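Have a look at entry02.tsv below; it lists TSV, C-alpha atoms and all ligand atoms.
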chain	number	residue	atom	x	y	z
A	723	MET	CA	-6.88	-4.46	26.73
A	724	THR	CA	-3.80	-2.21	26.97
A	725	ARG	CA	-4.40	1.36	25.90
A	726	LEU	CA	-1.92	3.07	23.57
A	727	LEU	CA	-1.08	6.63	24.60
A	728	THR	CA	-0.16	8.26	21.29
A	729	GLY	CA	1.08	11.81	20.88
A	730	LYS	CA	-0.29	12.76	17.45
A	731	PRO	CA	-3.87	13.68	18.41
A	732	MET	CA	-2.60	16.07	21.05
A	733	SER	CA	0.05	17.42	18.70
A	734	ASP	CA	-2.66	18.15	16.09
A	735	ALA	CA	-4.86	19.81	18.72
A	736	LEU	CA	-1.92	21.96	19.85
A	737	ALA	CA	-1.18	22.96	16.24
A	738	ALA	CA	-4.80	24.14	15.90
A	739	THR	CA	-4.40	26.42	18.93
A	740	LEU	CA	-1.15	27.84	17.55
A	741	ALA	CA	-2.56	28.85	14.15
A	742	PRO	CA	-4.52	31.91	15.42
A	743	ARG	CA	-1.63	32.98	17.65
A	744	VAL	CA	0.76	32.90	14.68
A	745	ALA	CA	-1.80	34.78	12.55
A	746	LYS	CA	-2.09	37.49	15.20
A	747	LEU	CA	1.69	37.92	15.30
A	748	SER	CA	1.79	37.95	11.52
A	749	SER	CA	-0.80	40.78	11.41
A	750	ARG	CA	1.78	42.83	13.35
A	751	GLY	CA	4.54	41.84	10.89
A	752	ILE	CA	6.14	39.33	13.27
A	753	VAL	CA	7.20	35.87	12.15
A	754	PRO	CA	8.08	33.66	15.13
A	755	ALA	CA	11.59	32.32	14.54
A	756	LEU	CA	13.72	29.83	16.39
A	757	ALA	CA	17.39	29.07	15.86
A	758	ALA	CA	18.25	25.36	15.89
A	759	LEU	CA	21.92	25.09	16.79
A	760	GLN	CA	23.95	22.06	15.84
A	761	TYR	CA	27.48	21.29	16.88
A	762	ARG	CA	29.19	19.83	13.80
A	763	PRO	CA	27.23	17.86	11.23
A	764	ASP	CA	25.28	15.01	12.78
A	765	PRO	CA	22.61	12.86	11.10
A	766	SER	CA	20.25	12.63	14.11
A	767	ALA	CA	20.46	16.40	14.73
A	768	ARG	CA	19.83	17.06	11.01
A	769	PHE	CA	16.84	14.69	11.10
A	770	PHE	CA	15.37	16.60	14.06
A	771	VAL	CA	15.99	19.99	12.41
A	772	GLU	CA	14.25	18.85	9.23
A	773	ARG	CA	11.31	17.62	11.27
A	774	ILE	CA	10.88	20.96	13.08
A	775	GLN	CA	11.37	22.83	9.81
A	776	ARG	CA	8.56	20.85	8.16
A	777	ALA	CA	6.19	21.35	11.11
A	778	GLY	CA	7.28	25.01	11.44
A	779	SER	CA	6.62	25.77	7.78
A	780	ARG	CA	3.08	24.36	8.08
A	781	LEU	CA	2.45	26.66	11.04
A	782	GLY	CA	4.29	29.79	9.92
A	783	VAL	CA	7.16	29.45	12.41
A	784	ARG	CA	10.59	30.03	10.89
A	785	VAL	CA	13.27	27.49	11.85
A	786	LEU	CA	16.82	28.73	11.30
A	787	PRO	CA	19.43	25.93	11.33
A	788	GLN	CA	22.89	27.06	12.48
A	789	GLU	CA	25.99	24.93	12.63
A	790	ALA	CA	29.10	25.55	14.76
A	791	THR	CA	32.40	23.79	14.24
A	792	ASP	CA	33.83	24.47	17.69
A	793	VAL	CA	32.60	25.51	21.10
A	794	ALA	CA	33.73	29.15	20.70
A	795	GLU	CA	31.65	29.38	17.52
A	796	LEU	CA	28.68	27.75	19.28
A	797	TYR	CA	28.81	30.37	22.04
A	798	ALA	CA	29.28	33.20	19.51
A	799	THR	CA	26.22	31.97	17.61
A	800	ILE	CA	24.20	31.99	20.85
A	801	GLU	CA	25.33	35.58	21.51
A	802	ARG	CA	24.18	36.60	18.01
A	803	CYS	CA	20.79	34.90	18.55
A	804	ASN	CA	20.41	36.61	21.93
A	805	ALA	CA	21.01	40.00	20.30
A	806	ASP	CA	18.89	39.45	17.19
A	807	PRO	CA	15.33	40.80	17.67
A	808	LYS	CA	14.10	38.59	14.81
A	809	THR	CA	15.23	35.39	16.56
A	810	HIS	CA	12.77	34.64	19.34
A	811	GLY	CA	14.14	31.38	20.65
A	812	VAL	CA	17.06	28.98	20.66
A	813	THR	CA	17.27	25.23	20.80
A	814	VAL	CA	20.58	23.37	20.96
A	815	LEU	CA	20.62	19.89	19.51
A	816	ALA	CA	22.40	16.85	20.86
A	817	PRO	CA	25.06	15.60	20.52
A	818	LEU	CA	27.39	18.17	22.04
A	819	PRO	CA	31.13	17.69	22.55
A	820	PRO	CA	31.77	15.35	25.52
A	821	ALA	CA	33.35	18.09	27.64
A	822	VAL	CA	30.38	20.45	27.24
A	823	ASP	CA	27.04	19.76	28.87
A	824	VAL	CA	23.76	21.12	27.66
A	825	ALA	CA	23.16	23.03	30.90
A	826	ALA	CA	26.39	24.98	30.45
A	827	VAL	CA	25.41	25.84	26.89
A	828	MET	CA	21.83	26.83	27.72
A	829	GLU	CA	23.08	29.06	30.53
A	830	ARG	CA	24.40	31.34	27.78
A	831	VAL	CA	21.00	31.68	26.13
A	832	ASP	CA	18.87	34.68	27.05
A	833	PRO	CA	16.33	33.06	29.44
A	834	ARG	CA	13.52	34.75	27.49
A	835	LYS	CA	14.69	32.76	24.43
A	836	ASP	CA	15.38	29.51	26.32
A	837	LEU	CA	12.83	27.32	24.52
A	838	GLU	CA	14.18	24.21	26.26
A	839	GLY	CA	13.57	25.51	29.79
A	840	LEU	CA	17.11	24.63	30.82
A	841	HIS	CA	18.51	28.05	31.76
A	842	PRO	CA	18.87	28.30	35.58
A	843	TYR	CA	16.23	31.07	35.55
A	844	ASN	CA	13.59	28.78	34.01
A	845	ALA	CA	14.78	25.64	35.83
A	846	GLY	CA	14.61	27.62	39.09
A	847	ARG	CA	11.10	28.83	38.34
A	848	LEU	CA	10.01	25.24	37.68
A	849	ALA	CA	11.61	24.14	40.96
A	850	ASN	CA	9.71	26.95	42.72
A	851	GLY	CA	6.42	26.06	41.01
A	852	LYS	CA	6.32	29.30	38.99
A	853	PRO	CA	5.42	29.57	35.29
A	854	GLY	CA	8.20	29.68	32.71
A	855	PHE	CA	9.63	27.58	29.92
A	856	VAL	CA	9.60	23.90	30.91
A	857	PRO	CA	11.69	21.17	29.25
A	858	TYR	CA	9.33	20.06	26.52
A	859	THR	CA	9.89	16.30	26.77
A	860	ALA	CA	8.90	16.42	30.44
A	861	GLU	CA	5.86	18.51	29.55
A	862	ALA	CA	4.92	16.02	26.81
A	863	ILE	CA	5.01	13.22	29.41
A	864	LEU	CA	2.67	15.13	31.70
A	865	LEU	CA	0.28	16.11	28.90
A	866	LEU	CA	0.00	12.53	27.65
A	867	LEU	CA	-0.80	11.33	31.17
A	868	ARG	CA	-3.33	14.10	31.75
A	869	ASP	CA	-4.97	13.59	28.38
A	870	SER	CA	-5.38	9.88	29.00
A	871	GLY	CA	-7.40	10.60	32.12
A	872	VAL	CA	-4.92	8.81	34.38
A	873	GLN	CA	-5.48	9.70	38.03
A	874	LEU	CA	-2.36	11.63	39.05
A	875	GLN	CA	-3.57	12.96	42.40
A	876	GLY	CA	-2.24	10.62	45.07
A	877	ALA	CA	-0.77	8.18	42.53
A	878	ARG	CA	2.46	6.37	43.27
A	879	ALA	CA	4.82	7.47	40.47
A	880	VAL	CA	8.37	6.35	39.75
A	881	VAL	CA	10.54	8.21	37.26
A	882	VAL	CA	13.65	6.34	36.11
A	883	GLY	CA	16.38	8.73	34.91
A	884	ARG	CA	17.23	12.10	36.47
A	885	SER	CA	18.58	14.19	33.58
A	886	ILE	CA	17.75	17.89	33.65
A	887	VAL	CA	16.17	17.46	30.21
A	888	VAL	CA	13.62	14.73	31.01
A	889	GLY	CA	13.52	12.82	34.30
A	890	ARG	CA	14.11	15.60	36.81
A	891	PRO	CA	11.58	18.08	35.40
A	892	ALA	CA	9.08	15.24	34.78
A	893	SER	CA	9.31	14.30	38.46
A	894	LEU	CA	8.62	17.92	39.46
A	895	LEU	CA	5.63	18.18	37.12
A	896	LEU	CA	4.17	14.96	38.53
A	897	MET	CA	4.79	16.18	42.07
A	898	TYR	CA	2.84	19.39	41.29
A	899	GLU	CA	-0.07	17.14	40.26
A	900	ASN	CA	0.08	15.66	43.79
A	901	ALA	CA	1.50	12.33	42.70
A	902	THR	CA	3.93	10.81	45.19
A	903	VAL	CA	7.12	10.64	43.17
A	904	THR	CA	10.36	8.70	43.50
A	905	LEU	CA	13.22	9.59	41.16
A	906	ALA	CA	15.47	6.63	40.34
A	907	HIS	CA	18.94	6.58	38.78
A	908	ARG	CA	22.04	4.42	38.57
A	909	GLY	CA	22.59	4.72	42.31
A	910	THR	CA	19.16	3.26	43.09
A	911	HIS	CA	19.25	-0.09	44.89
A	912	ASP	CA	16.84	-2.80	43.80
A	913	LEU	CA	15.30	-0.84	40.99
A	914	THR	CA	12.89	-3.67	40.18
A	915	SER	CA	11.23	-3.56	43.63
A	916	LEU	CA	10.81	0.17	43.22
A	917	THR	CA	9.43	0.16	39.68
A	918	ARG	CA	7.01	-2.64	40.63
A	919	GLU	CA	5.43	-0.25	43.18
A	920	ALA	CA	4.65	2.33	40.51
A	921	GLN	CA	1.11	2.99	39.38
A	922	ILE	CA	2.72	5.41	36.93
A	923	LEU	CA	6.14	4.49	35.58
A	924	VAL	CA	8.08	7.04	33.53
A	925	VAL	CA	11.32	5.94	31.93
A	926	ALA	CA	14.04	8.15	30.37
A	927	ILE	CA	17.41	6.44	30.54
A	928	GLY	CA	18.63	5.87	26.98
A	929	ARG	CA	18.90	2.06	27.20
A	930	PRO	CA	16.93	0.15	24.56
A	931	GLY	CA	14.28	-2.18	26.02
A	932	PHE	CA	15.73	-1.95	29.54
A	933	ILE	CA	12.40	-2.11	31.41
A	934	ASP	CA	10.96	-5.59	31.06
A	935	ALA	CA	7.59	-6.97	32.10
A	936	GLY	CA	8.94	-8.21	35.46
A	937	MET	CA	9.76	-4.62	36.45
A	938	VAL	CA	6.22	-3.37	35.95
A	939	ARG	CA	3.26	-3.54	38.33
A	940	PRO	CA	0.27	-5.18	36.64
A	941	GLY	CA	-2.11	-2.44	35.48
A	942	ALA	CA	0.50	0.33	35.65
A	943	VAL	CA	0.58	3.22	33.18
A	944	VAL	CA	3.97	3.25	31.47
A	945	VAL	CA	5.45	6.29	29.72
A	946	ASP	CA	8.58	5.68	27.68
A	947	ALA	CA	10.57	8.79	26.74
A	948	GLY	CA	13.50	6.79	25.35
A	949	ILE	CA	14.56	7.20	21.74
A	950	ASN	CA	17.26	4.72	20.80
A	951	ALA	CA	18.50	4.03	17.28
A	952	THR	CA	19.15	0.28	16.91
A	953	PRO	CA	19.76	-1.96	13.89
A	954	ASP	CA	16.05	-2.88	14.21
A	955	GLY	CA	14.94	0.76	14.08
A	956	VAL	CA	14.06	3.28	16.76
A	957	VAL	CA	13.02	1.74	20.07
A	958	GLY	CA	12.29	3.06	23.54
A	959	ASP	CA	13.74	2.25	26.96
A	960	VAL	CA	10.85	-0.13	27.62
A	961	ASP	CA	10.45	-3.60	26.11
A	962	PHE	CA	7.20	-2.59	24.45
A	963	ALA	CA	6.00	-6.04	23.36
A	964	ARG	CA	6.43	-7.65	26.79
A	965	VAL	CA	5.42	-4.70	28.96
A	966	SER	CA	2.25	-4.18	26.91
A	967	SER	CA	1.01	-7.47	28.28
A	968	VAL	CA	1.07	-6.20	31.90
A	969	ALA	CA	0.51	-2.42	31.63
A	970	SER	CA	-2.97	-0.90	31.44
A	971	ALA	CA	-1.66	1.86	29.17
A	972	ILE	CA	1.66	2.50	27.44
A	973	THR	CA	3.26	5.01	25.07
A	974	PRO	CA	4.66	3.53	21.85
A	975	VAL	CA	8.08	4.45	20.47
A	976	PRO	CA	7.95	6.01	18.00
A	977	GLY	CA	4.54	7.67	18.16
A	978	GLY	CA	4.29	8.49	21.87
A	979	VAL	CA	6.17	11.17	23.78
A	980	GLY	CA	8.43	12.06	20.83
A	981	SER	CA	5.53	12.87	18.53
A	982	LEU	CA	4.42	15.68	20.82
A	983	THR	CA	7.77	17.32	21.52
A	984	THR	CA	8.19	19.05	18.15
A	985	MET	CA	4.90	20.89	18.55
A	986	LEU	CA	5.74	21.91	22.14
A	987	LEU	CA	9.04	23.36	20.95
A	988	LEU	CA	7.22	25.35	18.24
A	989	ARG	CA	4.60	26.44	20.80
A	990	ASN	CA	7.43	27.74	23.00
A	991	ALA	CA	8.82	29.71	20.02
A	992	VAL	CA	5.41	31.32	19.50
A	993	THR	CA	5.16	32.14	23.22
A	994	ALA	CA	8.63	33.71	23.16
A	995	ALA	CA	7.71	35.79	20.09
A	996	GLU	CA	4.56	37.03	21.87
A	997	GLN	CA	6.45	37.88	25.04
A	998	LEU	CA	9.34	39.62	23.29
A	999	SER	CA	7.33	41.78	20.93
Y	1001	LIG	P1	20.88	11.12	30.02
Y	1001	LIG	O1	21.17	12.57	30.19
Y	1001	LIG	O2	21.94	10.20	29.53
Y	1001	LIG	O3	20.36	10.58	31.44
Y	1001	LIG	C1	20.07	9.25	31.62
Y	1001	LIG	C2	19.54	9.04	33.01
Y	1001	LIG	O4	19.19	7.65	33.14
Y	1001	LIG	C3	20.56	9.34	34.10
Y	1001	LIG	O5	19.92	9.98	35.19
Y	1001	LIG	C4	21.05	7.95	34.52
Y	1001	LIG	O6	21.37	7.83	35.88
Y	1001	LIG	C5	19.80	7.11	34.27
Y	1001	LIG	N1	20.14	5.72	34.01
Y	1001	LIG	C6	20.89	5.21	33.00
Y	1001	LIG	N2	20.99	3.87	33.11
Y	1001	LIG	C7	20.28	3.53	34.22
Y	1001	LIG	C8	20.02	2.31	34.87
Y	1001	LIG	N3	20.50	1.15	34.41
Y	1001	LIG	N4	19.25	2.32	35.98
Y	1001	LIG	C9	18.75	3.47	36.47
Y	1001	LIG	N5	18.98	4.68	35.89
Y	1001	LIG	C10	19.74	4.70	34.77
Y	1001	LIG	O7	19.63	10.88	29.06
Y	1001	LIG	P2	18.36	11.82	28.70
Y	1001	LIG	O8	18.81	13.01	27.92
Y	1001	LIG	O9	17.50	12.02	29.90
Y	1001	LIG	O10	17.62	10.85	27.69
Y	1001	LIG	C11	17.04	9.66	28.13
Y	1001	LIG	C12	16.32	9.01	26.98
Y	1001	LIG	O11	15.27	9.89	26.56
Y	1001	LIG	C13	17.18	8.77	25.73
Y	1001	LIG	O12	16.73	7.60	25.09
Y	1001	LIG	C14	16.90	9.98	24.87
Y	1001	LIG	O13	17.10	9.71	23.49
Y	1001	LIG	C15	15.45	10.21	25.18
Y	1001	LIG	N6	15.01	11.59	24.95
Y	1001	LIG	C16	13.86	11.72	24.29
Y	1001	LIG	C17	13.39	12.98	24.04
Y	1001	LIG	C18	12.07	13.10	23.32
Y	1001	LIG	O14	11.80	14.14	22.73
Y	1001	LIG	N7	11.22	12.08	23.38
Y	1001	LIG	C19	14.09	14.10	24.44
Y	1001	LIG	C20	15.26	13.93	25.17
Y	1001	LIG	C21	15.73	12.65	25.42
Y	1001	LIG	P3	22.61	8.64	36.57
Y	1001	LIG	O15	22.11	10.05	36.72
Y	1001	LIG	O16	22.81	7.96	37.87
Y	1001	LIG	O17	23.75	8.55	35.61
Let me see whether you can do it: turn the structure in this file into structure tokens.
Amino acid sequence: MTRLLTGKPMSDALAATLAPRVAKLSSRGIVPALAALQYRPDPSARFFVERIQRAGSRLGVRVLPQEATDVAELYATIERCNADPKTHGVTVLAPLPPAVDVAAVMERVDPRKDLEGLHPYNAGRLANGKPGFVPYTAEAILLLLRDSGVQLQGARAVVVGRSIVVGRPASLLLMYENATVTLAHRGTHDLTSLTREAQILVVAIGRPGFIDAGMVRPGAVVVDAGINATPDGVVGDVDFARVSSVASAITPVPGGVGSLTTMLLLRNAVTAAEQLS
């Protein structure tokens, strides 16, 4: 029987740990606040902002949507957020203009307010194994694996996708758990042979249903970080129906990794508020 690794129970448990931290800040007159920056109106970014606003209002974390119409305005907004003592953190929502990458944008954010863990200061600390803000999707992947009791120590793990947002930090987090990790990308030869070796297979590539059952080792644990809007709804990077028949455990999409990320972002905002005040 294939186990479903769902994110909601852990998200609820995390929310319960945040409530007293928010209350303690509130007793000192501090309301944790994060700025959610959008570049031009975009339906998927608006959807994400509304989701964090709803979760934030339940917890007492203020979410401040900001919209920029050009890159200069985006950078000016970041400067204002950096300088504003009542804004404790910044997140920048995809999509960005094609010529601007998220790393370049996050480099302008005060690293103490870098809730995405993408500023070189935080990315460097992760690379050096030091505490700091960690990209929350990568952290969600690790937490789901840990929570499911999957043996990470000594496991053969393959991460497909090497973005700084998901695959690369996920591979570091797995390596710190003493898994033996291979990071695959478009330059990888014979991806199927590689993925079939994986006891733990993590996928973050942005290609709907790309990983099929033939690419998965029987009994593997499969974590799908993909979120792809298709005419049939939101699907992951893994062919869930087929891969479920060979994996021992798998994250659904939606309901897996993505259902934990909102709470981790809010948790980071609370941490930033604590550290800055
Ligand atoms: P990205 O920046 O576009 O990176 C995609 C990565 O996948 C790249 O490293 C690319 O390789 C690799 N790749 C693409 N096609 C491949 C193929 N055929 N074989 C092997 N590797 C391939 O994407 P991302 O930001 O990491 O996002 C990946 C997915 O995760 C998307 O579906 C996105 O929506 C989702 N996501 C989810 C969350 C969440 O909260 N759950 C957060 C962020 C992203 P190269 O480096 O060689 O180009």
As a quick test: using only C-alpha atoms and all ligand atoms, which residues lie no more than 7 Å away from ligand LIG 1001 (chain Y)? Give them as a PyMOL selection string. chain A and resi 859+882-889+906-910+926-929+947-950+958-959+979-980+983
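Distances to A:Lys835 were evaluated for A:Leu982, A:Ala777, A:Ala755, A:Val956 using all atoms listed in the file, and the minimum falls at A:Ala755.
Taking only C-alpha atoms into account, A:Ala860 lies nearest to A:Glu838 out of the set A:Glu838, A:Asp764, A:Asp961, A:Glu789.
Here the question is which of A:Cys803, A:Leu864, A:Leu894, A:Leu837 gets nearest to A:Lys852 using all atoms listed in the file, and that residue is A:Leu894.
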What's around stretch 774-776 of chain A at 12 Å? Count all atoms listed in the file, leave out sequence neighbours fewer than 2 positions away in its own chain, and write the answer as a PyMOL selection string. chain A and resi 755-758+767-772+778-787+813+815+981-989+991
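With all atoms listed in the file as the atoms that count, the residue of A:Glu919, A:Asp869, A:Glu899, A:Asp836 with the shortest distance to A:Thr728 is A:Asp869.
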Which residues are near A:Phe962? Cut-off 12 Å, all atoms listed in the file, ignore same chain within fewer than 6 positions. Put them as an NGL selection string. :A and (724 or 726 or 930-935 or 938 or 944-946 or 948 or 956 or 968-969 or 971-976 or 978)
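For the pair atom CA of A:Phe855 and atom CA of A:Tyr898, the interatomic distance is 15.6 Å.
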